[in-house]
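Below is one structure, written out as structure tokens, with a few remarks after it.
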Amino acid sequence: MKKVFLSALIFAAGMLGFSGGPDYGGANGEILFEYVDSSGMEVKRKVELTIKIEIAEFLDSSMLTVYKDASKESMVLAQISNGDVLKIKEQDIVCYRSGSSRDPRMYEEIWYKVEVSGRKGWICVYDGIRNNNLDPFNENAWEILEEDVTSNKFTVRKLEQIITLLTDTELYSEPDMSSNVICKAGEDYDFSRGQLNLKVIAITQQKVTLNGETDHWVKVEYKGKEGWIFGGYLSNEAGGPKYAIPDYKIKSMFSM
């Protein structure tokens with residue numbers, strides 16, 4: 001079934017271009033090609049990153065195998081090892097149905113176009129039942145929501161995750177300590193009893209330094225209100241990168 005769907009994509013790629021869609025300002029995540037029909041979908045995005053491989057011994061072999069094309073049936077060009085420098089050029093996600101009436105599930109493959117040791121090809125980081133959480137740009141994470149916010153000219157980008165508040169702190173109406181204080185988040189919470197988790201809905205692309213600490217401003221939901229908290233008062237809820245920024249998530253696949 002996957003081969004049939006991919007054949008349709010080859011035809012569609014020759015007939016269709018891509019216009020419109022979420023605004024990434026030319027940054028990573030920009031959609032280069034998108035095709036959707038009843039049997040599946042494909043989305044190609046711009047991803048330009050350089051990563052030094054540090055945890056090869058913990059990775060699946062398909063993540064360390066460079067194929068000529070985005071298919072495990074294509075020629076193997078190289079194997080990746082610790083210390084290699086991986087230059088990522090593009091992300092390609094293909095989702096397809098099994099074709100069996102007994103298995104209605106959607107499957108997906110996540111590929112990255114790469115260059116390593118002078119060889120250009122593709123690596124597969126996932127091949128299995130569709131899992132939206134494995135796509136760093138799921139729900140168009142990191143798209144631009146606002147620009148030129150406050151006198152700092154912040155670019156505000158979409159980011160959805162859970163994050164932990166370390167102590168009670170002001171919730172501001174804008175990413176600026178001189179803006180209106182909506183409330184004090186965690187003011188009535190006993191932090192000695194455990195962590196207080198908040199839902200993140202946006203983040204400033206730029207970082208600022210406040211009280212000697214450099215971090216992003218983060219927009220969160222708290223008791224039915226939305227407002228901004230300086231990231232220095234926040235911590236990652238589940239380990240790994242503090243923020244689920246797509247670039248950070250991709251880098252964490254290959255390095256510490």
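Ordered as shown in the structure tokens, chains take letters A, B, and onward, while each chain numbers its residues from 1 and ligands are numbered from 1 in the order shown.
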Those in segment 34-64 of chain A with strand (DSSP E or B) from DSSP, as a short mmCIF file (atom, residue, chain, number, x, y, z; two decimals) with N, CA and C atoms, in the first residue's frame:
```cif
data_model
loop_
_atom_site.label_atom_id
_atom_site.label_comp_id
_atom_site.auth_asym_id
_atom_site.auth_seq_id
_atom_site.Cartn_x
_atom_site.Cartn_y
_atom_site.Cartn_z
N GLU A 34 3.43 19.47 0.37
CA GLU A 34 2.40 18.80 1.17
C GLU A 34 1.37 18.18 0.25
N TYR A 35 1.06 16.92 0.53
CA TYR A 35 0.04 16.22 -0.25
C TYR A 35 -0.77 15.35 0.69
N VAL A 36 -2.09 15.42 0.58
CA VAL A 36 -2.97 14.64 1.45
C VAL A 36 -4.10 14.05 0.61
N ASP A 37 -4.38 12.76 0.81
CA ASP A 37 -5.60 12.18 0.26
C ASP A 37 -6.09 11.11 1.24
N GLY A 40 -3.38 8.55 2.58
CA GLY A 40 -2.20 8.96 3.33
C GLY A 40 -1.82 10.40 3.08
N MET A 41 -0.60 10.73 3.45
CA MET A 41 -0.14 12.10 3.30
C MET A 41 1.38 12.14 3.29
N GLU A 42 1.92 13.22 2.78
CA GLU A 42 3.36 13.47 2.86
C GLU A 42 3.57 14.95 3.11
N VAL A 43 4.49 15.26 4.02
CA VAL A 43 4.86 16.65 4.29
C VAL A 43 6.38 16.74 4.33
N LYS A 44 6.92 17.62 3.48
CA LYS A 44 8.35 17.91 3.50
C LYS A 44 8.55 19.30 4.09
N ARG A 45 9.52 19.39 5.00
CA ARG A 45 9.79 20.67 5.66
C ARG A 45 11.27 21.01 5.57
N LYS A 46 11.55 22.29 5.58
CA LYS A 46 12.92 22.76 5.66
C LYS A 46 13.46 22.49 7.06
N VAL A 47 14.59 21.82 7.12
CA VAL A 47 15.31 21.61 8.38
C VAL A 47 16.79 21.68 8.07
N GLU A 48 17.46 22.69 8.56
CA GLU A 48 18.90 22.84 8.33
C GLU A 48 19.61 22.89 9.68
N LEU A 49 20.25 21.79 10.02
CA LEU A 49 20.94 21.67 11.30
C LEU A 49 22.25 20.92 11.10
N THR A 50 23.24 21.24 11.94
CA THR A 50 24.48 20.49 11.97
C THR A 50 24.64 19.89 13.35
N ILE A 51 24.79 18.57 13.41
CA ILE A 51 24.81 17.85 14.69
C ILE A 51 26.00 16.91 14.73
N LYS A 52 26.71 16.90 15.86
CA LYS A 52 27.78 15.93 16.06
C LYS A 52 27.20 14.71 16.77
#
```
Which of segment 1-203 of chain A DSSP labels helix (DSSP H, G or I), written as a ChimeraX atom specification: /A:2-15,56-58,61-64,132-134,138-140,191-193
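Those residues that approach Asn211 of chain A to within 12 Å, counting only C-alpha atoms, are Met177, Val208, Thr209, Glu213, Thr214, Asp215, Phe230, Gly231, Gly232 and Tyr233 of chain A; same-chain residues fewer than 2 positions away are not listed.
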Those residues with N, CA, C and O atoms, as a CSV table (one decimal), in the first residue's frame please?
```
chain,number,residue,atom,x,y,z
A,177,MET,N,8.5,42.8,31.8
A,177,MET,CA,8.2,43.0,33.3
A,177,MET,C,7.6,44.4,33.6
A,177,MET,O,7.1,44.6,34.7
A,208,VAL,N,16.2,36.7,26.5
A,208,VAL,CA,16.6,37.9,27.2
A,208,VAL,C,17.3,37.5,28.5
A,208,VAL,O,17.2,36.4,29.0
A,209,THR,N,18.1,38.4,29.1
A,209,THR,CA,18.8,38.2,30.3
A,209,THR,C,18.2,39.0,31.4
A,209,THR,O,18.1,40.2,31.3
A,213,GLU,N,20.2,35.7,34.5
A,213,GLU,CA,19.8,34.4,33.8
A,213,GLU,C,19.2,34.7,32.4
A,213,GLU,O,18.4,35.6,32.3
A,214,THR,N,19.7,33.9,31.4
A,214,THR,CA,19.2,34.1,30.1
A,214,THR,C,18.2,33.0,29.7
A,214,THR,O,18.5,31.8,29.8
A,215,ASP,N,17.1,33.5,29.2
A,215,ASP,CA,16.0,32.5,28.8
A,215,ASP,C,15.0,33.2,27.9
A,215,ASP,O,15.1,34.4,27.7
A,230,PHE,N,8.7,34.6,32.7
A,230,PHE,CA,10.1,34.5,32.3
A,230,PHE,C,10.6,33.1,32.5
A,230,PHE,O,10.3,32.5,33.6
A,231,GLY,N,11.2,32.5,31.5
A,231,GLY,CA,11.6,31.1,31.5
A,231,GLY,C,12.5,30.7,32.7
A,231,GLY,O,12.7,29.5,33.0
A,232,GLY,N,13.2,31.6,33.3
A,232,GLY,CA,14.1,31.3,34.4
A,232,GLY,C,13.4,30.7,35.6
A,232,GLY,O,14.0,30.1,36.4
A,233,TYR,N,12.1,30.9,35.6
A,233,TYR,CA,11.3,30.4,36.8
A,233,TYR,C,10.7,29.1,36.4
A,233,TYR,O,9.8,28.5,37.2
```
Please provide as a compact mmCIF listing (two decimals) with N, CA and C atoms, in the first residue's frame all residues within 6 Å of Gly121 of chain A, with the sequence filter that same-chain residues fewer than 6 positions apart are discarded (counting only C-alpha atoms).
```txt
# COMPACT_ATOMS: atom_id res chain seq x y z
N VAL A 66 22.81 5.51 6.09
CA VAL A 66 22.49 6.52 5.07
C VAL A 66 22.10 5.80 3.78
N TYR A 67 20.84 6.00 3.38
CA TYR A 67 20.32 5.40 2.15
C TYR A 67 20.37 6.41 1.01
N LYS A 68 20.44 5.91 -0.21
CA LYS A 68 20.47 6.79 -1.37
C LYS A 68 19.18 7.58 -1.49
N LYS A 113 16.87 14.17 5.16
CA LYS A 113 17.88 14.27 4.11
C LYS A 113 19.15 14.80 4.75
N VAL A 114 20.28 14.09 4.57
CA VAL A 114 21.49 14.43 5.31
C VAL A 114 22.73 14.40 4.43
```
- prompt: Could you pull the residues within 8 Å of Gln206 of chain A, counting only C-alpha atoms, minus those fewer than 5 positions along the same chain, as a VMD selection string?
  reply: chain A and resid 154 to 155 216
Saved selection, atoms kept: C-alpha atoms, as a compact mmCIF listing (two decimals), in the first residue's frame:
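Saved to selection_21.txt:
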```
# COMPACT_ATOMS: atom_id res chain seq x y z
CA PHE A 154 10.00 39.77 19.91
CA THR A 155 8.88 37.14 17.43
CA HIS A 216 12.90 32.88 26.70
```
query: Smallest atom-to-atom distance to Met63 of chain A: which of A:Ile110, A:Leu145, A:Met75, A:Ile93, using only C-alpha atoms?
result: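 Counting only C-alpha atoms, the residue closest to Met63 of chain A is A:Ile110.
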- prompt: Could you name the residues that touch Glu147 of chain A at 12 Å or less, counting only C-alpha atoms, but leaving out those on the same chain fewer than 3 positions away, as a VMD selection string?
  reply: chain A and resid 23 to 25 143 to 144 150 to 158 203 to 206
Grab the residues selected above and save them as a short mmCIF file (atom, residue, chain, number, x, y, z; two decimals), in the first residue's frame with all heavy atoms.
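File produced: selection-v4.cif:
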```cif
data_model
loop_
_atom_site.label_atom_id
_atom_site.label_comp_id
_atom_site.auth_asym_id
_atom_site.auth_seq_id
_atom_site.Cartn_x
_atom_site.Cartn_y
_atom_site.Cartn_z
N ASP A 23 3.19 30.28 8.68
CA ASP A 23 4.32 31.18 8.44
C ASP A 23 5.48 30.82 9.35
O ASP A 23 5.36 30.90 10.57
CB ASP A 23 3.87 32.63 8.70
CG ASP A 23 5.00 33.63 8.49
OD1 ASP A 23 6.04 33.27 7.91
OD2 ASP A 23 4.82 34.79 8.90
N TYR A 24 6.60 30.42 8.76
CA TYR A 24 7.80 30.12 9.53
C TYR A 24 8.89 31.16 9.29
O TYR A 24 10.00 31.02 9.80
CB TYR A 24 8.32 28.72 9.20
CG TYR A 24 7.54 27.63 9.90
CD1 TYR A 24 6.37 27.12 9.36
CD2 TYR A 24 7.98 27.11 11.12
CE1 TYR A 24 5.64 26.13 10.01
CE2 TYR A 24 7.26 26.12 11.77
CZ TYR A 24 6.10 25.63 11.21
OH TYR A 24 5.39 24.66 11.87
N GLY A 25 8.59 32.17 8.50
CA GLY A 25 9.57 33.21 8.25
C GLY A 25 10.83 32.71 7.58
O GLY A 25 11.91 33.28 7.78
N GLU A 143 5.52 27.77 14.35
CA GLU A 143 5.07 28.76 13.37
C GLU A 143 4.97 30.13 14.07
O GLU A 143 4.79 30.24 15.28
CB GLU A 143 3.72 28.38 12.77
CG GLU A 143 2.53 28.49 13.71
CD GLU A 143 1.20 28.32 12.97
OE1 GLU A 143 0.97 29.07 12.00
OE2 GLU A 143 0.41 27.45 13.38
N ILE A 144 5.09 31.17 13.28
CA ILE A 144 5.03 32.53 13.82
C ILE A 144 3.59 32.91 14.12
O ILE A 144 2.71 32.81 13.27
CB ILE A 144 5.65 33.54 12.83
CG1 ILE A 144 7.15 33.27 12.65
CG2 ILE A 144 5.41 34.97 13.31
CD1 ILE A 144 7.80 34.13 11.58
N THR A 150 6.28 44.04 21.85
CA THR A 150 6.91 44.94 22.82
C THR A 150 8.07 45.69 22.18
O THR A 150 8.40 45.49 21.01
CB THR A 150 7.41 44.19 24.09
OG1 THR A 150 8.63 43.49 23.80
CG2 THR A 150 6.37 43.23 24.61
N SER A 151 8.71 46.54 22.96
CA SER A 151 9.84 47.33 22.44
C SER A 151 11.03 46.44 22.08
O SER A 151 11.94 46.87 21.37
CB SER A 151 10.26 48.37 23.49
OG SER A 151 10.66 47.74 24.69
N ASN A 152 11.04 45.21 22.57
CA ASN A 152 12.12 44.27 22.25
C ASN A 152 11.95 43.63 20.87
O ASN A 152 12.83 42.88 20.43
CB ASN A 152 12.20 43.16 23.30
CG ASN A 152 12.75 43.65 24.62
OD1 ASN A 152 13.76 44.34 24.65
ND2 ASN A 152 12.07 43.33 25.71
N LYS A 153 10.83 43.91 20.21
CA LYS A 153 10.56 43.38 18.87
C LYS A 153 10.61 41.85 18.84
O LYS A 153 11.17 41.24 17.93
CB LYS A 153 11.55 43.96 17.85
CG LYS A 153 11.56 45.47 17.78
CD LYS A 153 10.25 46.02 17.24
CE LYS A 153 10.29 47.53 17.09
NZ LYS A 153 9.02 48.09 16.57
N PHE A 154 10.01 41.23 19.84
CA PHE A 154 10.00 39.77 19.91
C PHE A 154 9.21 39.16 18.76
O PHE A 154 8.18 39.69 18.33
CB PHE A 154 9.37 39.29 21.21
CG PHE A 154 10.21 39.51 22.44
CD1 PHE A 154 9.68 40.15 23.55
CD2 PHE A 154 11.52 39.07 22.49
CE1 PHE A 154 10.44 40.33 24.69
CE2 PHE A 154 12.29 39.25 23.62
CZ PHE A 154 11.74 39.89 24.72
N THR A 155 9.68 38.01 18.28
CA THR A 155 8.88 37.14 17.43
C THR A 155 8.31 36.06 18.32
O THR A 155 9.05 35.36 19.01
CB THR A 155 9.75 36.51 16.32
OG1 THR A 155 10.26 37.54 15.47
CG2 THR A 155 8.92 35.53 15.48
N VAL A 156 6.99 35.93 18.33
CA VAL A 156 6.31 34.94 19.17
C VAL A 156 5.96 33.72 18.31
O VAL A 156 5.34 33.86 17.25
CB VAL A 156 5.04 35.52 19.80
CG1 VAL A 156 4.29 34.44 20.59
CG2 VAL A 156 5.40 36.69 20.72
N ARG A 157 6.37 32.56 18.77
CA ARG A 157 6.15 31.33 18.00
C ARG A 157 5.29 30.34 18.79
O ARG A 157 5.33 30.31 20.02
CB ARG A 157 7.48 30.68 17.62
CG ARG A 157 8.26 31.52 16.59
CD ARG A 157 9.50 30.81 16.13
NE ARG A 157 10.21 31.54 15.08
CZ ARG A 157 10.06 31.36 13.78
NH1 ARG A 157 9.20 30.46 13.35
NH2 ARG A 157 10.76 32.06 12.91
N LYS A 158 4.57 29.53 18.06
CA LYS A 158 3.69 28.52 18.66
C LYS A 158 4.51 27.41 19.29
O LYS A 158 5.44 26.88 18.67
CB LYS A 158 2.77 27.94 17.59
CG LYS A 158 1.81 26.87 18.10
CD LYS A 158 0.92 26.37 16.96
CE LYS A 158 -0.05 25.29 17.42
NZ LYS A 158 -0.92 24.82 16.32
N ILE A 203 6.00 30.96 22.84
CA ILE A 203 7.31 31.29 23.38
C ILE A 203 7.94 32.36 22.49
O ILE A 203 7.66 32.42 21.29
CB ILE A 203 8.22 30.03 23.43
CG1 ILE A 203 9.50 30.27 24.23
CG2 ILE A 203 8.52 29.53 22.04
CD1 ILE A 203 10.29 28.99 24.51
N THR A 204 8.77 33.22 23.08
CA THR A 204 9.49 34.18 22.25
C THR A 204 10.66 33.47 21.58
O THR A 204 11.33 32.65 22.20
CB THR A 204 10.01 35.36 23.08
OG1 THR A 204 10.89 34.88 24.11
CG2 THR A 204 8.87 36.15 23.69
N GLN A 205 10.88 33.79 20.32
CA GLN A 205 12.03 33.21 19.63
C GLN A 205 13.32 33.67 20.26
O GLN A 205 14.27 32.90 20.42
CB GLN A 205 11.99 33.61 18.16
CG GLN A 205 13.18 33.13 17.35
CD GLN A 205 13.08 33.55 15.89
OE1 GLN A 205 12.02 33.45 15.29
NE2 GLN A 205 14.18 34.02 15.32
N GLN A 206 13.36 34.94 20.66
CA GLN A 206 14.56 35.51 21.23
C GLN A 206 14.63 35.26 22.75
O GLN A 206 13.61 35.09 23.41
CB GLN A 206 14.62 37.02 20.97
CG GLN A 206 14.61 37.41 19.51
CD GLN A 206 13.19 37.51 18.91
OE1 GLN A 206 12.21 37.13 19.54
NE2 GLN A 206 13.11 38.01 17.69
#
```
- request: Within 10 Å of Asp60 of chain A, counting only C-alpha atoms, which residues show up once you throw out same-chain ones fewer than 5 positions away? Write them as an MDAnalysis selection string, please.
  value: chainID A and resid 65 124:126
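The smallest atom-to-atom distance between Asp168 of chain A and any of A:Tyr112, A:Phe137, A:Trp122, A:Tyr222, using only C-alpha atoms, is found for A:Tyr222.
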